[in-house]
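**Student:** Contents of start-v9.pdb (PDB, C-alpha atoms and all ligand atoms) are given next:
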MODEL        1
ATOM      1  CA  MET A 174      78.098  64.517   4.834  1.00  0.00           C
ATOM      2  CA  ASN A 175      75.558  63.996   2.056  1.00  0.00           C
ATOM      3  CA  ILE A 176      71.780  63.880   2.470  1.00  0.00           C
ATOM      4  CA  THR A 177      69.485  62.628  -0.275  1.00  0.00           C
ATOM      5  CA  ALA A 178      65.732  62.134  -0.704  1.00  0.00           C
ATOM      6  CA  THR A 179      66.233  58.546   0.490  1.00  0.00           C
ATOM      7  CA  HIS A 180      67.406  59.867   3.886  1.00  0.00           C
ATOM      8  CA  ILE A 181      64.346  62.140   4.056  1.00  0.00           C
ATOM      9  CA  ASN A 182      62.068  59.224   3.171  1.00  0.00           C
ATOM     10  CA  TYR A 183      63.627  56.824   5.704  1.00  0.00           C
ATOM     11  CA  TYR A 184      63.548  59.486   8.435  1.00  0.00           C
ATOM     12  CA  HIS A 185      59.762  59.482   8.140  1.00  0.00           C
ATOM     13  CA  VAL A 186      59.421  55.696   7.807  1.00  0.00           C
ATOM     14  CA  CYS A 187      61.705  54.455  10.607  1.00  0.00           C
ATOM     15  CA  LYS A 188      64.700  55.995  12.437  1.00  0.00           C
ATOM     16  CA  ARG A 189      66.313  52.572  12.754  1.00  0.00           C
ATOM     17  CA  LYS A 190      66.102  52.085   8.978  1.00  0.00           C
ATOM     18  CA  LEU A 191      67.712  55.482   8.519  1.00  0.00           C
ATOM     19  CA  TRP A 192      70.476  54.670  10.998  1.00  0.00           C
ATOM     20  CA  LEU A 193      71.261  51.335   9.285  1.00  0.00           C
ATOM     21  CA  PHE A 194      71.303  53.041   5.899  1.00  0.00           C
ATOM     22  CA  THR A 195      73.536  55.906   7.057  1.00  0.00           C
ATOM     23  CA  HIS A 196      75.941  53.387   8.563  1.00  0.00           C
ATOM     24  CA  GLY A 197      76.473  51.691   5.224  1.00  0.00           C
ATOM     25  CA  ILE A 198      74.200  48.682   5.782  1.00  0.00           C
ATOM     26  CA  ASN A 199      72.198  48.435   2.592  1.00  0.00           C
ATOM     27  CA  MET A 200      69.890  45.470   1.960  1.00  0.00           C
ATOM     28  CA  GLU A 201      67.844  46.938  -0.886  1.00  0.00           C
ATOM     29  CA  HIS A 202      69.504  44.712  -3.496  1.00  0.00           C
ATOM     30  CA  THR A 203      67.923  41.717  -1.735  1.00  0.00           C
ATOM     31  CA  SER A 204      64.463  43.228  -1.557  1.00  0.00           C
ATOM     32  CA  ASP A 205      61.722  42.129  -3.971  1.00  0.00           C
ATOM     33  CA  THR A 206      59.719  45.159  -2.899  1.00  0.00           C
ATOM     34  CA  VAL A 207      62.428  47.481  -4.109  1.00  0.00           C
ATOM     35  CA  TYR A 208      62.809  45.480  -7.340  1.00  0.00           C
ATOM     36  CA  ASP A 209      59.053  45.708  -7.932  1.00  0.00           C
ATOM     37  CA  GLY A 210      59.192  49.444  -7.347  1.00  0.00           C
ATOM     38  CA  LYS A 211      61.943  49.929  -9.904  1.00  0.00           C
ATOM     39  CA  LEU A 212      60.081  47.768 -12.406  1.00  0.00           C
ATOM     40  CA  LEU A 213      56.885  49.710 -11.900  1.00  0.00           C
ATOM     41  CA  HIS A 214      58.785  52.954 -12.339  1.00  0.00           C
ATOM     42  CA  GLU A 215      60.146  51.773 -15.670  1.00  0.00           C
ATOM     43  CA  THR A 216      56.964  50.192 -17.032  1.00  0.00           C
ATOM     44  CA  SER A 217      54.014  52.249 -15.752  1.00  0.00           C
ATOM     45  CA  TYR A 218      54.675  55.224 -17.948  1.00  0.00           C
ATOM     46  CA  PRO A 219      57.020  54.136 -20.765  1.00  0.00           C
ATOM     47  CA  GLN A 220      56.458  57.334 -22.746  1.00  0.00           C
ATOM     48  CA  ARG A 221      57.648  59.509 -19.880  1.00  0.00           C
ATOM     49  CA  ALA A 222      61.364  59.312 -20.462  1.00  0.00           C
ATOM     50  CA  ALA A 223      60.903  61.055 -23.814  1.00  0.00           C
ATOM     51  CA  LYS A 224      58.560  63.739 -22.464  1.00  0.00           C
ATOM     52  CA  PHE A 225      60.235  64.740 -19.217  1.00  0.00           C
ATOM     53  CA  THR A 226      63.748  65.546 -18.102  1.00  0.00           C
ATOM     54  CA  GLU A 227      65.908  63.734 -15.573  1.00  0.00           C
ATOM     55  CA  ILE A 228      67.753  66.223 -13.417  1.00  0.00           C
ATOM     56  CA  GLU A 229      70.340  66.056 -10.673  1.00  0.00           C
ATOM     57  CA  MET A 230      70.738  68.858  -8.148  1.00  0.00           C
ATOM     58  CA  SER A 231      72.859  69.736  -5.184  1.00  0.00           C
ATOM     59  CA  ALA A 232      73.111  72.468  -2.557  1.00  0.00           C
ATOM     60  CA  THR A 233      75.146  73.040   0.582  1.00  0.00           C
ATOM     61  CA  THR A 234      73.610  74.125   3.901  1.00  0.00           C
ATOM     62  CA  LYS A 235      75.206  76.714   6.197  1.00  0.00           C
ATOM     63  CA  ASP A 236      76.499  73.807   8.310  1.00  0.00           C
ATOM     64  CA  GLY A 237      78.305  72.339   5.337  1.00  0.00           C
ATOM     65  CA  VAL A 238      75.865  69.479   4.720  1.00  0.00           C
ATOM     66  CA  GLN A 239      75.654  68.533   1.073  1.00  0.00           C
ATOM     67  CA  LEU A 240      72.077  68.034  -0.198  1.00  0.00           C
ATOM     68  CA  LEU A 241      71.714  65.861  -3.287  1.00  0.00           C
ATOM     69  CA  GLY A 242      68.640  65.057  -5.366  1.00  0.00           C
ATOM     70  CA  LYS A 243      67.829  63.230  -8.568  1.00  0.00           C
ATOM     71  CA  ILE A 244      64.412  63.705 -10.151  1.00  0.00           C
ATOM     72  CA  ASP A 245      63.498  61.121 -12.792  1.00  0.00           C
ATOM     73  CA  PHE A 246      60.599  62.977 -14.399  1.00  0.00           C
ATOM     74  CA  TYR A 247      60.664  66.757 -14.345  1.00  0.00           C
ATOM     75  CA  ASP A 248      58.423  68.857 -16.559  1.00  0.00           C
ATOM     76  CA  ALA A 249      60.519  72.014 -16.919  1.00  0.00           C
ATOM     77  CA  LYS A 250      57.857  73.831 -18.938  1.00  0.00           C
ATOM     78  CA  GLU A 251      55.066  73.369 -16.389  1.00  0.00           C
ATOM     79  CA  LYS A 252      57.467  73.217 -13.417  1.00  0.00           C
ATOM     80  CA  ILE A 253      56.036  69.931 -12.170  1.00  0.00           C
ATOM     81  CA  ILE A 254      57.894  66.998 -10.598  1.00  0.00           C
ATOM     82  CA  HIS A 255      56.220  63.662 -11.406  1.00  0.00           C
ATOM     83  CA  GLU A 256      56.947  60.982  -8.820  1.00  0.00           C
ATOM     84  CA  VAL A 257      55.515  57.462  -9.237  1.00  0.00           C
ATOM     85  CA  LYS A 258      54.981  55.234  -6.187  1.00  0.00           C
ATOM     86  CA  ARG A 259      54.302  51.491  -6.210  1.00  0.00           C
ATOM     87  CA  SER A 260      52.773  51.627  -2.776  1.00  0.00           C
ATOM     88  CA  ASP A 261      49.139  50.724  -2.271  1.00  0.00           C
ATOM     89  CA  ARG A 262      48.846  53.401   0.376  1.00  0.00           C
ATOM     90  CA  VAL A 263      49.594  57.086   0.551  1.00  0.00           C
ATOM     91  CA  GLU A 264      52.525  57.781   2.899  1.00  0.00           C
ATOM     92  CA  GLU A 265      53.706  60.941   4.604  1.00  0.00           C
ATOM     93  CA  ALA A 266      57.282  59.942   3.682  1.00  0.00           C
ATOM     94  CA  HIS A 267      56.450  60.244  -0.035  1.00  0.00           C
ATOM     95  CA  GLU A 268      55.188  63.770   0.484  1.00  0.00           C
ATOM     96  CA  TRP A 269      58.348  64.863   2.303  1.00  0.00           C
ATOM     97  CA  GLN A 270      60.521  63.266  -0.333  1.00  0.00           C
ATOM     98  CA  VAL A 271      58.998  65.428  -3.087  1.00  0.00           C
ATOM     99  CA  LYS A 272      58.943  68.505  -0.849  1.00  0.00           C
ATOM    100  CA  PHE A 273      62.684  67.974  -0.448  1.00  0.00           C
ATOM    101  CA  TYR A 274      63.027  68.011  -4.259  1.00  0.00           C
ATOM    102  CA  ILE A 275      60.973  71.202  -4.526  1.00  0.00           C
ATOM    103  CA  TRP A 276      63.106  72.854  -1.852  1.00  0.00           C
ATOM    104  CA  LEU A 277      66.315  71.743  -3.548  1.00  0.00           C
ATOM    105  CA  LEU A 278      65.121  73.287  -6.808  1.00  0.00           C
ATOM    106  CA  GLU A 279      64.384  76.518  -4.933  1.00  0.00           C
ATOM    107  CA  LEU A 280      67.887  76.489  -3.460  1.00  0.00           C
ATOM    108  CA  ASN A 281      69.099  76.299  -7.065  1.00  0.00           C
ATOM    109  CA  GLY A 282      67.044  79.371  -8.019  1.00  0.00           C
ATOM    110  CA  ILE A 283      64.024  77.594  -9.563  1.00  0.00           C
ATOM    111  CA  GLN A 284      60.838  78.873  -7.929  1.00  0.00           C
ATOM    112  CA  GLY A 285      57.150  78.009  -8.341  1.00  0.00           C
ATOM    113  CA  VAL A 286      57.573  74.234  -8.673  1.00  0.00           C
ATOM    114  CA  HIS A 287      55.090  71.700  -7.361  1.00  0.00           C
ATOM    115  CA  ALA A 288      54.900  67.909  -7.538  1.00  0.00           C
ATOM    116  CA  THR A 289      52.423  65.211  -8.401  1.00  0.00           C
ATOM    117  CA  LEU A 290      52.603  61.959  -6.476  1.00  0.00           C
ATOM    118  CA  GLU A 291      51.188  59.210  -8.628  1.00  0.00           C
ATOM    119  CA  TYR A 292      49.946  55.887  -7.239  1.00  0.00           C
ATOM    120  CA  PRO A 293      49.118  53.606 -10.205  1.00  0.00           C
ATOM    121  CA  LYS A 294      47.885  50.829  -7.898  1.00  0.00           C
ATOM    122  CA  LEU A 295      45.436  53.200  -6.234  1.00  0.00           C
ATOM    123  CA  ARG A 296      44.671  55.089  -9.453  1.00  0.00           C
ATOM    124  CA  GLN A 297      45.298  58.226  -7.428  1.00  0.00           C
ATOM    125  CA  THR A 298      47.333  61.375  -8.013  1.00  0.00           C
ATOM    126  CA  ASP A 299      48.062  63.929  -5.276  1.00  0.00           C
ATOM    127  CA  GLU A 300      49.405  67.420  -5.818  1.00  0.00           C
ATOM    128  CA  VAL A 301      52.098  68.594  -3.394  1.00  0.00           C
ATOM    129  CA  TRP A 302      53.194  72.176  -2.738  1.00  0.00           C
ATOM    130  CA  ILE A 303      55.764  73.474  -0.284  1.00  0.00           C
ATOM    131  CA  THR A 304      55.072  76.081   2.410  1.00  0.00           C
ATOM    132  CA  GLU A 305      57.378  78.220   4.552  1.00  0.00           C
ATOM    133  CA  PRO A 306      56.830  76.000   7.641  1.00  0.00           C
ATOM    134  CA  ASP A 307      57.739  73.008   5.434  1.00  0.00           C
ATOM    135  CA  ARG A 308      61.085  74.626   4.549  1.00  0.00           C
ATOM    136  CA  GLU A 309      61.805  75.217   8.243  1.00  0.00           C
ATOM    137  CA  TYR A 310      60.792  71.657   9.047  1.00  0.00           C
ATOM    138  CA  LEU A 311      63.124  70.264   6.355  1.00  0.00           C
ATOM    139  CA  LYS A 312      66.019  72.248   7.863  1.00  0.00           C
ATOM    140  CA  GLU A 313      65.260  70.631  11.247  1.00  0.00           C
ATOM    141  CA  VAL A 314      65.003  67.160   9.699  1.00  0.00           C
ATOM    142  CA  ILE A 315      68.377  67.573   8.001  1.00  0.00           C
ATOM    143  CA  HIS A 316      69.937  68.552  11.311  1.00  0.00           C
ATOM    144  CA  LYS A 317      68.366  65.504  13.015  1.00  0.00           C
ATOM    145  CA  ILE A 318      69.551  63.170  10.246  1.00  0.00           C
ATOM    146  CA  ALA A 319      73.093  64.548  10.651  1.00  0.00           C
ATOM    147  CA  VAL A 320      72.926  63.885  14.426  1.00  0.00           C
ATOM    148  CA  LEU A 321      71.628  60.342  13.854  1.00  0.00           C
ATOM    149  CA  GLN A 322      74.398  59.648  11.391  1.00  0.00           C
ATOM    150  CA  GLU A 323      76.977  60.636  14.021  1.00  0.00           C
ATOM    151  CA  SER A 324      75.324  58.495  16.705  1.00  0.00           C
ATOM    152  CA  GLU A 325      76.748  55.084  17.567  1.00  0.00           C
ATOM    153  CA  VAL A 326      73.441  53.903  18.994  1.00  0.00           C
ATOM    154  CA  CYS A 327      71.073  52.122  16.640  1.00  0.00           C
ATOM    155  CA  PRO A 328      67.431  53.079  17.394  1.00  0.00           C
ATOM    156  CA  SER A 329      65.029  50.326  18.509  1.00  0.00           C
ATOM    157  CA  ARG A 330      62.832  48.323  16.177  1.00  0.00           C
ATOM    158  CA  ILE A 331      59.446  49.870  15.620  1.00  0.00           C
ATOM    159  CA  ASN A 332      57.446  46.595  15.509  1.00  0.00           C
ATOM    160  CA  SER A 333      55.133  47.972  12.881  1.00  0.00           C
ATOM    161  CA  LYS A 334      53.193  46.216  10.131  1.00  0.00           C
ATOM    162  CA  ILE A 335      55.429  48.018   7.621  1.00  0.00           C
ATOM    163  CA  CYS A 336      58.404  45.958   8.897  1.00  0.00           C
ATOM    164  CA  LYS A 337      57.313  42.926   6.868  1.00  0.00           C
ATOM    165  CA  SER A 338      57.893  44.769   3.604  1.00  0.00           C
ATOM    166  CA  CYS A 339      61.114  46.457   4.761  1.00  0.00           C
ATOM    167  CA  SER A 340      64.418  45.380   3.217  1.00  0.00           C
ATOM    168  CA  TYR A 341      65.922  45.225   6.754  1.00  0.00           C
ATOM    169  CA  TYR A 342      63.259  42.845   8.071  1.00  0.00           C
ATOM    170  CA  GLU A 343      65.528  39.810   8.372  1.00  0.00           C
ATOM    171  CA  LEU A 344      68.264  41.867   9.965  1.00  0.00           C
ATOM    172  CA  CYS A 345      65.875  43.324  12.538  1.00  0.00           C
ATOM    173  CA  TYR A 346      63.858  40.213  13.367  1.00  0.00           C
ATOM    174  CA  VAL A 347      66.246  37.343  12.680  1.00  0.00           C
ATOM    175  CA  GLY A 348      65.894  34.564  15.274  1.00  0.00           C
ATOM    176  CA  GLU A 349      62.291  35.378  16.168  1.00  0.00           C
TER     177      GLU A 349
HETATM  178  S1  LIG A 401      62.257  46.113   9.739  1.00  0.00           S
HETATM  179 FE1  LIG A 401      61.015  47.638  10.854  1.00  0.00          FE
HETATM  180  S2  LIG A 401      62.311  48.242  12.601  1.00  0.00           S
HETATM  181 FE2  LIG A 401      63.644  47.249  11.075  1.00  0.00          FE
HETATM  182  S3  LIG A 401      64.450  48.915   9.874  1.00  0.00           S
HETATM  183 FE3  LIG A 401      62.664  48.134   8.802  1.00  0.00          FE
HETATM  184  S4  LIG A 401      60.952  49.406   9.482  1.00  0.00           S
HETATM  185 FE4  LIG A 401      62.640  49.716  10.920  1.00  0.00          FE
ENDMDL
END
Translate the structure of the given file into structure tokens.
Ligand code: SF4
**Tutor:**
Amino acid sequence: MNITATHINYYHVCKRKLWLFTHGINMEHTSDTVYDGKLLHETSYPQRAAKFTEIEMSATTKDGVQLLGKIDFYDAKEKIIHEVKRSDRVEEAHEWQVKFYIWLLELNGIQGVHATLEYPKLRQTDEVWITEPDREYLKEVIHKIAVLQESEVCPSRINSKICKSCSYYELCYVGE
């Protein structure tokens, strides 16, 4: 099986969202939120594409799980990943997503990388570094994602305020 940064992100947002995604149910094409995010990514920093590199990476765990990552803006000289978020709040899921990228680079022999998480709406930038406990935690998360993907039971709805901006909202709450 393949695990990407999207799996890592969804794992931290909602297990049900992750389960739906891993079972091939993808509603993101219908989501204005996702469209807005892509637009913001393309328009917030138009000069970036020329300055930074887009890279794709992969690695295989001991259990045979394929890890895949695509970084849009990587500064190879300074060893910094630049990740832009449309969100108007800082989320733990964003942090784990970029830690996953850092770890994937390490697994490909590139050490000493850190990330900046940029929130144009908040006018805030956070620096993110990875620690040894983080690497162990990511290994655990990957195992748990693999288990969830094998499961036939869809986790319950989380009834959170984030549901209203989730691409699966109608699927989860239809008829209410
Ligand atoms: S709408 Fe809520 S419960 Fe449903 S997948 Fe999204 S976050 Fe999870």
**Student:** Using only C-alpha atoms, can you list as a list in words the residues within 12 Å of (58.3, 57.9, 11.0)?
**Tutor:**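 Neighbouring residues, ordered by chain and number, come to His180, Ile181, Asn182, Tyr183, Tyr184, His185, Val186, Cys187, Lys188, Arg189, Lys190, Leu191, Glu264, Glu265, Ala266, His267, Trp269, Val314, Arg330, Ile331, Ser333 and Ile335 of chain A.
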**Student:** Quick one: residues within 12 Å of Arg296 (chain A), only C-alpha atoms counted, chain neighbours fewer than 6 positions away excluded, as a list in words?
**Tutor:**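 Near neighbours after the sequence-gap exclusion: Ser217, Val257, Lys258, Arg259, Ser260, Asp261, Arg262, Val263 and Leu290 of chain A.
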**Student:** Please produce an output containing C-alpha atoms for each residue in the selection, written as a PDB file, in the frame of the given file.
**Tutor:**
ATOM      1  CA  SER A 217      54.014  52.249 -15.752  1.00  0.00           C
ATOM      2  CA  VAL A 257      55.515  57.462  -9.237  1.00  0.00           C
ATOM      3  CA  LYS A 258      54.981  55.234  -6.187  1.00  0.00           C
ATOM      4  CA  ARG A 259      54.302  51.491  -6.210  1.00  0.00           C
ATOM      5  CA  SER A 260      52.773  51.627  -2.776  1.00  0.00           C
ATOM      6  CA  ASP A 261      49.139  50.724  -2.271  1.00  0.00           C
ATOM      7  CA  ARG A 262      48.846  53.401   0.376  1.00  0.00           C
ATOM      8  CA  VAL A 263      49.594  57.086   0.551  1.00  0.00           C
ATOM      9  CA  LEU A 290      52.603  61.959  -6.476  1.00  0.00           C
TER      10      LEU A 290
END
**Student:** If you measure from CA of Trp302 (chain A) to CA of Glu229 (chain A), what distance in Å do you get, rounded to one decimal?
**Tutor:**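 Taking CA of Trp302 (chain A) as the start and CA of Glu229 (chain A) as the end point, the length is 19.9 Å.
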**Student:** State, in Å with one decimal place, the distance from CA of Gly282 (chain A) to CA of Leu321 (chain A).
**Tutor:**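 Between these atoms lies a distance of 29.4 Å.
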**Student:** Distance CA of Leu278 (chain A)-CA of Ile318 (chain A), one decimal place?
**Tutor:**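 Pair CA of Leu278 (chain A) / CA of Ile318 (chain A) returns 20.3 Å.
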